[in-house]
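Undergrad: Below is one structure. I have some questions about it.
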Amino acid sequence: MTGPGTSRTGSLPDFPWDALGPAARRARAHPGGIVDLSVGTPVDPTPEVVQRALRDAADAPGYPLTAGTPALREAAAGWAARSRGAVGLDPEAVLPTIGSKELVAWLPTLLGLGPGDVVVIPEVAYPTYDVGARLAGARAVAVPPGGWPTEEQLRGPDGAPGRVRLVWLNSPSNPTGAVAGVEQLRSAVERARAEGAVVASDECYAELAWDVEEVPSVLDPRVCGTGKGSHDGLLLVTSLSKRSNLAGYRGGAVLGDPRLVAQLLAVRKHAGMIVPAPVQAAVAAAFSDDEHVAVQRERYRARRSVLRAALEGAGLRVEHSEAGLYLWTRAAGAAGTASGSGWELLDRLADLGILVAPGDFYGPSASAHIRVALTASDERVSAAAARLAALAG
C-alpha cells in the first residue's frame with residue numbers, strides 16, 4: 001500500500017552502505033582498530049590555499065550567485081584547459097555544484113527526463129547514475145564499455161520503445177579504475193549525438209592516473225571535435241572532494257555545452273540549488289592551484305603501492321585500477337578465475353579489521369570483486385599491509 005510521499009522513495013533501492021553495518025562492527029572490534037578502506041572519504045588536510053580562501057570569504061551576508069562568481073567560472077575554465085585539454089571553453093559554460101553527487105542524482109530531472117526516457121549507464125558503475133534516472137521517473141539501462149542498448153533493452157515494461165536521452169560516461173571508472181581512450185570516448189559521443197542524447201562524462205578521478213599516460217576528457221578536441229559547436233551535447237562533471245580533500249566543502253562543477261549549462265542554471269535558480277559564497281571562493285582557489293593536487297597525488301601513489309603489494313602478496317588479484325582512487329580486487333582460483341564472492345572476501349578482511357566495499361554495490365556483474373580505497377592515513381595503510389601479510393601466511 002502506498003500513500004502520500006511514497007512514489008519516489010518506493011522506486012529507490014536500499015542505500016547500499018547501510019548493508020556494511022555488521023562487517024563494520026566486526027572490523028572496529030579488531031584489537032588494532034579498524035582500517036576503513038570502504039567509502040573513500042579523504043583523510044588528509046584540506047590545502048592551506050583553500051582554507052585561506054574560505055576564511056577570507058567568511059563574511060558573506062548576501063545571497064550567493066547560483067551561476068557562480070566570475071572568479072570561480074574563470075578558474076574552472078582555466079583548469080579544464082590545463083588539466084582536461086578543453087579548448088575554447090567559455091567561463092559562462094561553467095556551473096558550480098554542491099559536490100558532484102547531487103548533480104549526478106538530479107541531472108536527469110534537471111534535463112527534463114521522465115517516463116519513457118532511457119539513461120544509459122556503465123555496466124559496472126557508481127549507483128547514483130541509476131538513482132538519478134529513478135528520481136526522474138526515467139529508466140536506466142546498463143551497457144558494457146563501448147556498448148549501446150539493444151532494442152529489447154530499450155523497450156519499457158509496457159513494451160513501448162524508450163528513447164535514449166542521456167548517456168553517462170565515467171573515466172576513470174568508479175569502482176574499477178578503468179580508463180577509456182580517445183577512440184572509445186569519440187565513438188560514444190558520435191553515437192549519442194546521432195541519437196540526440198546528452199553525454200555526461202563523470203571525470204572526478206581524472207587527475208589520479210597511475211598506469212596510463214593520459215586520461216582523455218570528453219571535452220578534448222580529439223573526442224568532441226573542433227570549432228563552433230564542438231561542445232554541443234556534452235557535459236563534463238567534476239568534483240574537488242578527492243583531488244583537493246574538499247569532501248566536507250561539497251564543491252564541484254559541471255562544464256561544457258553553453259546551452260545545456262544555461263538550462264541547468266535556469267532550473268537551479270528556481271530550486272535554490274546554490275553553492276554557499278565562502279565555498280565558491282574556496283572552489284575558485286582549488287581550481288587555480290595545481291601544486292596541492294600534485295602533492296596529494298603522490299600521497300595516494302605511495303599508499304597505492306603499499307596496498308597493491310599487500311593485496312597481491314595475500315593471493316588476491318587487482319584488475320584494471322590504472323587510475324582513480326581504488327584498487328579493484330578479487331580472490332583468484334588456481335586458474336585465475338574468480339574464487340568466491342566479494343562479500344565472502346569482505347568478511348575475511350573484516351575479521352582482520354579491514355573494511356572494504358563489495359563489488360555488487362556497483363552492479364550484479366561485479367559480485368566477485370571488492371573495491372579497496374586508498375583513503376586512509378599512512379599509518380592505517382601500513383597496518384592493513386601488516387594484517388594482509390598475516391592473511392598470506
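In the C-alpha cells, chains take letters A, B, ... by order of appearance, with residues numbered from 1 within each chain and ligands from 1 in the order shown.
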Find the nearest atom pair between each residue of stretch 275-309 of chain A and stretch 49-58 of chain A for residues within 9 Å, count only C-alpha atoms, give distances in Å to one decimal, sort rows by chain and ascending number, and present the table as a tab-separated table.

TA:
residue	atom	partner	partner_atom	distance
A:Ala277	CA	A:Ala57	CA	7.3
A:Pro278	CA	A:Ala57	CA	4.9
A:Val279	CA	A:Leu54	CA	6.3
A:Gln280	CA	A:Leu54	CA	8.3
A:Ala281	CA	A:Ala53	CA	5.8
A:Ala282	CA	A:Val50	CA	5.0
A:Val283	CA	A:Val50	CA	7.4
A:Ala284	CA	A:Ala53	CA	8.5
A:Ala285	CA	A:Val50	CA	5.7
A:Ala286	CA	A:Val50	CA	5.9
A:Asp289	CA	A:Val49	CA	8.0
A:His292	CA	A:Val49	CA	8.5

Undergrad: Give me the residues near stretch 189-194 of chain A as a list in words, where near means some atom within 9 Å (using only C-alpha atoms) and where sequence neighbours in that chain fewer than 5 positions away do not count.

TA: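 Listed by chain and then number, they are Trp148, Val164, Arg165, Leu166, Val167, Gln184, Val199, Val218, Val223, Cys224, Asp232, Gly233 and Leu234 of chain A.
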
Undergrad: Save out the residues we just selected, all heavy atoms, as a short mmCIF file (atom, residue, chain, number, x, y, z; two decimals), in the first residue's frame.

TA:
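Just written: selection.cif:
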data_model
loop_
_atom_site.label_atom_id
_atom_site.label_comp_id
_atom_site.auth_asym_id
_atom_site.auth_seq_id
_atom_site.Cartn_x
_atom_site.Cartn_y
_atom_site.Cartn_z
N TRP A 148 25.99 -0.20 -26.48
CA TRP A 148 24.78 0.59 -26.67
C TRP A 148 23.59 -0.33 -26.40
O TRP A 148 23.66 -1.53 -26.68
CB TRP A 148 24.71 1.16 -28.09
CG TRP A 148 23.64 2.20 -28.26
CD1 TRP A 148 22.39 2.02 -28.77
CD2 TRP A 148 23.74 3.58 -27.91
NE1 TRP A 148 21.69 3.21 -28.74
CE2 TRP A 148 22.49 4.18 -28.23
CE3 TRP A 148 24.74 4.37 -27.35
CZ2 TRP A 148 22.24 5.54 -28.01
CZ3 TRP A 148 24.49 5.72 -27.13
CH2 TRP A 148 23.25 6.29 -27.46
N VAL A 164 16.69 7.09 -25.84
CA VAL A 164 17.90 7.43 -25.09
C VAL A 164 18.03 8.95 -25.06
O VAL A 164 18.17 9.59 -26.09
CB VAL A 164 19.16 6.79 -25.71
CG1 VAL A 164 20.40 7.26 -24.96
CG2 VAL A 164 19.06 5.28 -25.69
N ARG A 165 18.00 9.50 -23.84
CA ARG A 165 18.11 10.95 -23.69
C ARG A 165 19.41 11.37 -23.03
O ARG A 165 19.84 12.51 -23.18
CB ARG A 165 16.92 11.44 -22.84
CG ARG A 165 15.55 11.29 -23.48
CD ARG A 165 15.28 12.40 -24.47
NE ARG A 165 15.50 13.72 -23.91
CZ ARG A 165 14.67 14.36 -23.07
NH1 ARG A 165 13.53 13.78 -22.71
NH2 ARG A 165 14.96 15.57 -22.62
N LEU A 166 20.02 10.47 -22.26
CA LEU A 166 21.23 10.81 -21.51
C LEU A 166 22.14 9.59 -21.47
O LEU A 166 21.69 8.48 -21.23
CB LEU A 166 20.87 11.24 -20.08
CG LEU A 166 22.01 11.52 -19.11
CD1 LEU A 166 22.87 12.69 -19.58
CD2 LEU A 166 21.46 11.80 -17.70
N VAL A 167 23.43 9.83 -21.71
CA VAL A 167 24.45 8.78 -21.65
C VAL A 167 25.50 9.19 -20.64
O VAL A 167 26.13 10.25 -20.77
CB VAL A 167 25.10 8.56 -23.03
CG1 VAL A 167 26.22 7.51 -22.92
CG2 VAL A 167 24.07 8.14 -24.07
N GLN A 184 37.41 5.28 -27.90
CA GLN A 184 36.20 4.81 -27.23
C GLN A 184 35.30 5.99 -26.86
O GLN A 184 34.08 5.93 -27.05
CB GLN A 184 36.57 4.02 -25.97
CG GLN A 184 35.36 3.45 -25.23
CD GLN A 184 35.75 2.64 -24.01
OE1 GLN A 184 36.85 2.09 -23.93
NE2 GLN A 184 34.88 2.58 -23.02
N VAL A 199 25.51 13.69 -23.50
CA VAL A 199 26.57 12.89 -22.89
C VAL A 199 27.07 13.62 -21.65
O VAL A 199 27.49 14.78 -21.73
CB VAL A 199 27.75 12.66 -23.85
CG1 VAL A 199 28.90 11.97 -23.12
CG2 VAL A 199 27.32 11.84 -25.05
N VAL A 218 36.04 14.19 -22.29
CA VAL A 218 35.01 14.31 -23.30
C VAL A 218 35.10 15.67 -24.01
O VAL A 218 34.61 15.82 -25.14
CB VAL A 218 33.63 14.10 -22.67
CG1 VAL A 218 33.22 15.30 -21.83
CG2 VAL A 218 32.57 13.79 -23.70
N VAL A 223 38.22 14.13 -29.07
CA VAL A 223 36.98 13.41 -28.77
C VAL A 223 35.77 14.15 -29.33
O VAL A 223 34.91 13.56 -29.99
CB VAL A 223 36.82 13.22 -27.24
CG1 VAL A 223 35.45 12.63 -26.90
CG2 VAL A 223 37.94 12.35 -26.68
N CYS A 224 35.69 15.44 -29.07
CA CYS A 224 34.46 16.19 -29.37
C CYS A 224 34.53 17.00 -30.66
O CYS A 224 33.51 17.52 -31.11
CB CYS A 224 34.13 17.12 -28.21
SG CYS A 224 35.33 18.43 -27.91
N ASP A 232 28.80 20.81 -28.17
CA ASP A 232 27.34 20.58 -28.22
C ASP A 232 26.97 19.22 -27.66
O ASP A 232 27.56 18.19 -28.03
CB ASP A 232 26.82 20.68 -29.65
CG ASP A 232 26.74 22.12 -30.15
OD1 ASP A 232 27.07 23.03 -29.37
OD2 ASP A 232 26.37 22.32 -31.31
N GLY A 233 26.01 19.21 -26.75
CA GLY A 233 25.50 17.96 -26.20
C GLY A 233 26.38 17.32 -25.15
O GLY A 233 26.10 16.20 -24.72
N LEU A 234 27.45 18.01 -24.72
CA LEU A 234 28.43 17.39 -23.83
C LEU A 234 28.53 18.15 -22.50
O LEU A 234 28.56 19.38 -22.47
CB LEU A 234 29.81 17.37 -24.48
CG LEU A 234 29.90 16.76 -25.88
CD1 LEU A 234 31.34 16.82 -26.39
CD2 LEU A 234 29.40 15.32 -25.86
#

Undergrad: Run DSSP on the backbone and tell me which residues of stretch 131-182 of chain A come out as strand (DSSP E); list them as a short mmCIF file (atom, residue, chain, number, x, y, z; two decimals) with N, CA, C and O atoms, in the first residue's frame.

TA:
data_model
loop_
_atom_site.label_atom_id
_atom_site.label_comp_id
_atom_site.auth_asym_id
_atom_site.auth_seq_id
_atom_site.Cartn_x
_atom_site.Cartn_y
_atom_site.Cartn_z
N ARG A 139 14.31 5.52 -16.92
CA ARG A 139 14.79 4.15 -16.71
C ARG A 139 16.25 4.06 -17.12
O ARG A 139 16.64 4.54 -18.19
N ALA A 140 17.08 3.47 -16.25
CA ALA A 140 18.49 3.27 -16.55
C ALA A 140 18.70 1.93 -17.23
O ALA A 140 18.10 0.93 -16.85
N VAL A 141 19.56 1.92 -18.25
CA VAL A 141 19.95 0.70 -18.94
C VAL A 141 21.47 0.61 -18.88
O VAL A 141 22.17 1.53 -19.33
N ALA A 142 21.97 -0.48 -18.33
CA ALA A 142 23.42 -0.65 -18.16
C ALA A 142 24.00 -1.39 -19.37
O ALA A 142 23.44 -2.38 -19.82
N VAL A 143 25.13 -0.89 -19.85
CA VAL A 143 25.80 -1.49 -21.01
C VAL A 143 27.28 -1.66 -20.71
O VAL A 143 27.85 -0.92 -19.92
N ARG A 163 13.38 6.06 -25.46
CA ARG A 163 14.29 6.94 -26.19
C ARG A 163 15.48 7.28 -25.32
O ARG A 163 15.32 7.70 -24.17
N VAL A 164 16.69 7.09 -25.84
CA VAL A 164 17.90 7.43 -25.09
C VAL A 164 18.03 8.95 -25.06
O VAL A 164 18.17 9.59 -26.09
N ARG A 165 18.00 9.50 -23.84
CA ARG A 165 18.11 10.95 -23.69
C ARG A 165 19.41 11.37 -23.03
O ARG A 165 19.84 12.51 -23.18
N LEU A 166 20.02 10.47 -22.26
CA LEU A 166 21.23 10.81 -21.51
C LEU A 166 22.14 9.59 -21.47
O LEU A 166 21.69 8.48 -21.23
N VAL A 167 23.43 9.83 -21.71
CA VAL A 167 24.45 8.78 -21.65
C VAL A 167 25.50 9.19 -20.64
O VAL A 167 26.13 10.25 -20.77
N TRP A 168 25.69 8.35 -19.62
CA TRP A 168 26.74 8.60 -18.63
C TRP A 168 28.02 7.87 -19.03
O TRP A 168 28.00 6.66 -19.28
N LEU A 169 29.12 8.60 -19.09
CA LEU A 169 30.45 8.03 -19.21
C LEU A 169 31.18 8.27 -17.89
O LEU A 169 30.91 9.24 -17.19
N ASN A 170 32.10 7.37 -17.54
CA ASN A 170 32.85 7.52 -16.30
C ASN A 170 34.25 6.98 -16.50
O ASN A 170 34.46 5.77 -16.53
#

Undergrad: Write out as a VMD selection string which residues come within 12 Å of A:His369 when counting only C-alpha atoms, dropping same-chain ones fewer than 2 positions away.

TA: chain A and resid 124 175 to 176 316 to 320 327 to 332 337 to 346 356 to 367 371 to 372

Undergrad: Please measure the separation of atom CA of A:Ala390 and atom CA of A:Val43, giving the value in Å to one decimal.

TA: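 Separating atom CA of A:Ala390 from atom CA of A:Val43 is a distance of 25.7 Å.
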
Undergrad: Can you list, as JSON, numbers by chain, all residues belonging to stretch 287-380 of chain A that DSSP tags as helix (DSSP H, G or I)?

TA: {"A": [287, 288, 291, 292, 293, 294, 295, 296, 297, 298, 299, 300, 301, 302, 303, 304, 305, 306, 307, 308, 309, 310, 311, 312, 313, 342, 343, 344, 345, 346, 347, 348, 349, 350, 359, 360, 361, 362, 364, 365, 366, 378, 379, 380]}

Undergrad: What's the 8 Å shell around A:Leu246, counting only C-alpha atoms, without same-chain residues fewer than 5 positions away, as a list of chain:residue names?

TA: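 Residues meeting the cut-off are A:Pro42, A:Thr46, A:Leu240, A:Ser241, A:Gly251.
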
Undergrad: Just to be explicit: take each residue in the selection above, keep C-alpha atoms, and write the result as a compact mmCIF listing (two decimals), in the first residue's frame.

TA:
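Ended up saving to selection_4.txt:
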# COMPACT_ATOMS: atom_id res chain seq x y z
CA PRO A 42 39.56 11.87 2.29
CA THR A 46 42.38 20.49 3.16
CA LEU A 240 37.04 18.67 -5.79
CA SER A 241 36.40 16.17 -3.00
CA GLY A 251 32.38 21.68 -4.10

Undergrad: Under the rule of at most 6 Å, produce a per-residue listing of stretch 185-230 of chain A near stretch 64-86 of chain A: chain, number, name, the closest pair of atoms, and the distance in Å, as CSV, using only C-alpha atoms.

TA:
residue,atom,partner,partner_atom,distance
A:Ser217,CA,A:Arg84,CA,5.6
A:Leu219,CA,A:Ala86,CA,5.0
A:Asp220,CA,A:Ala86,CA,5.0

Undergrad: Nearest to A:Leu89: which of A:Asp257, A:Asp18, A:Asp158, A:Asp202 is it, counting only C-alpha atoms?

TA: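 For A:Leu89, the nearest of the given residues is A:Asp257.
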
Undergrad: Give me the residues near A:Glu298 as JSON, numbers by chain, where near means some atom within 12 Å (using only C-alpha atoms) and where sequence neighbours in that chain fewer than 5 positions away do not count.

TA: {"A": [207, 208, 209, 210, 243, 291, 292, 293, 303, 304, 305, 374]}

Undergrad: Expressed in Å to a single decimal, how great is the separation between atom CA of A:Ile370 and atom CA of A:Ser244?

TA: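 Interatomic distance here is 25.1 Å.
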
Undergrad: Between A:Leu103, A:Ala266, A:Val261, A:Ala309, which is the closest to A:Leu235 once you count only C-alpha atoms?

TA: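 Comparing A:Leu103, A:Ala266, A:Val261, A:Ala309 against A:Leu235, the winner is A:Val261.
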
Undergrad: What gap, in Å, lies between atom CA of A:Gly147 and atom CA of A:Pro108?

TA: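 Going from atom CA of A:Gly147 over to atom CA of A:Pro108 covers 20.4 Å.
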
Undergrad: Between A:Asp36, A:Glu92, A:Asp14, A:Glu214, which one has atoms that come closest to A:Ala384, using only C-alpha atoms?

TA: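 When distances to A:Ala384 are compared using only C-alpha atoms, the smallest one comes from A:Asp36.
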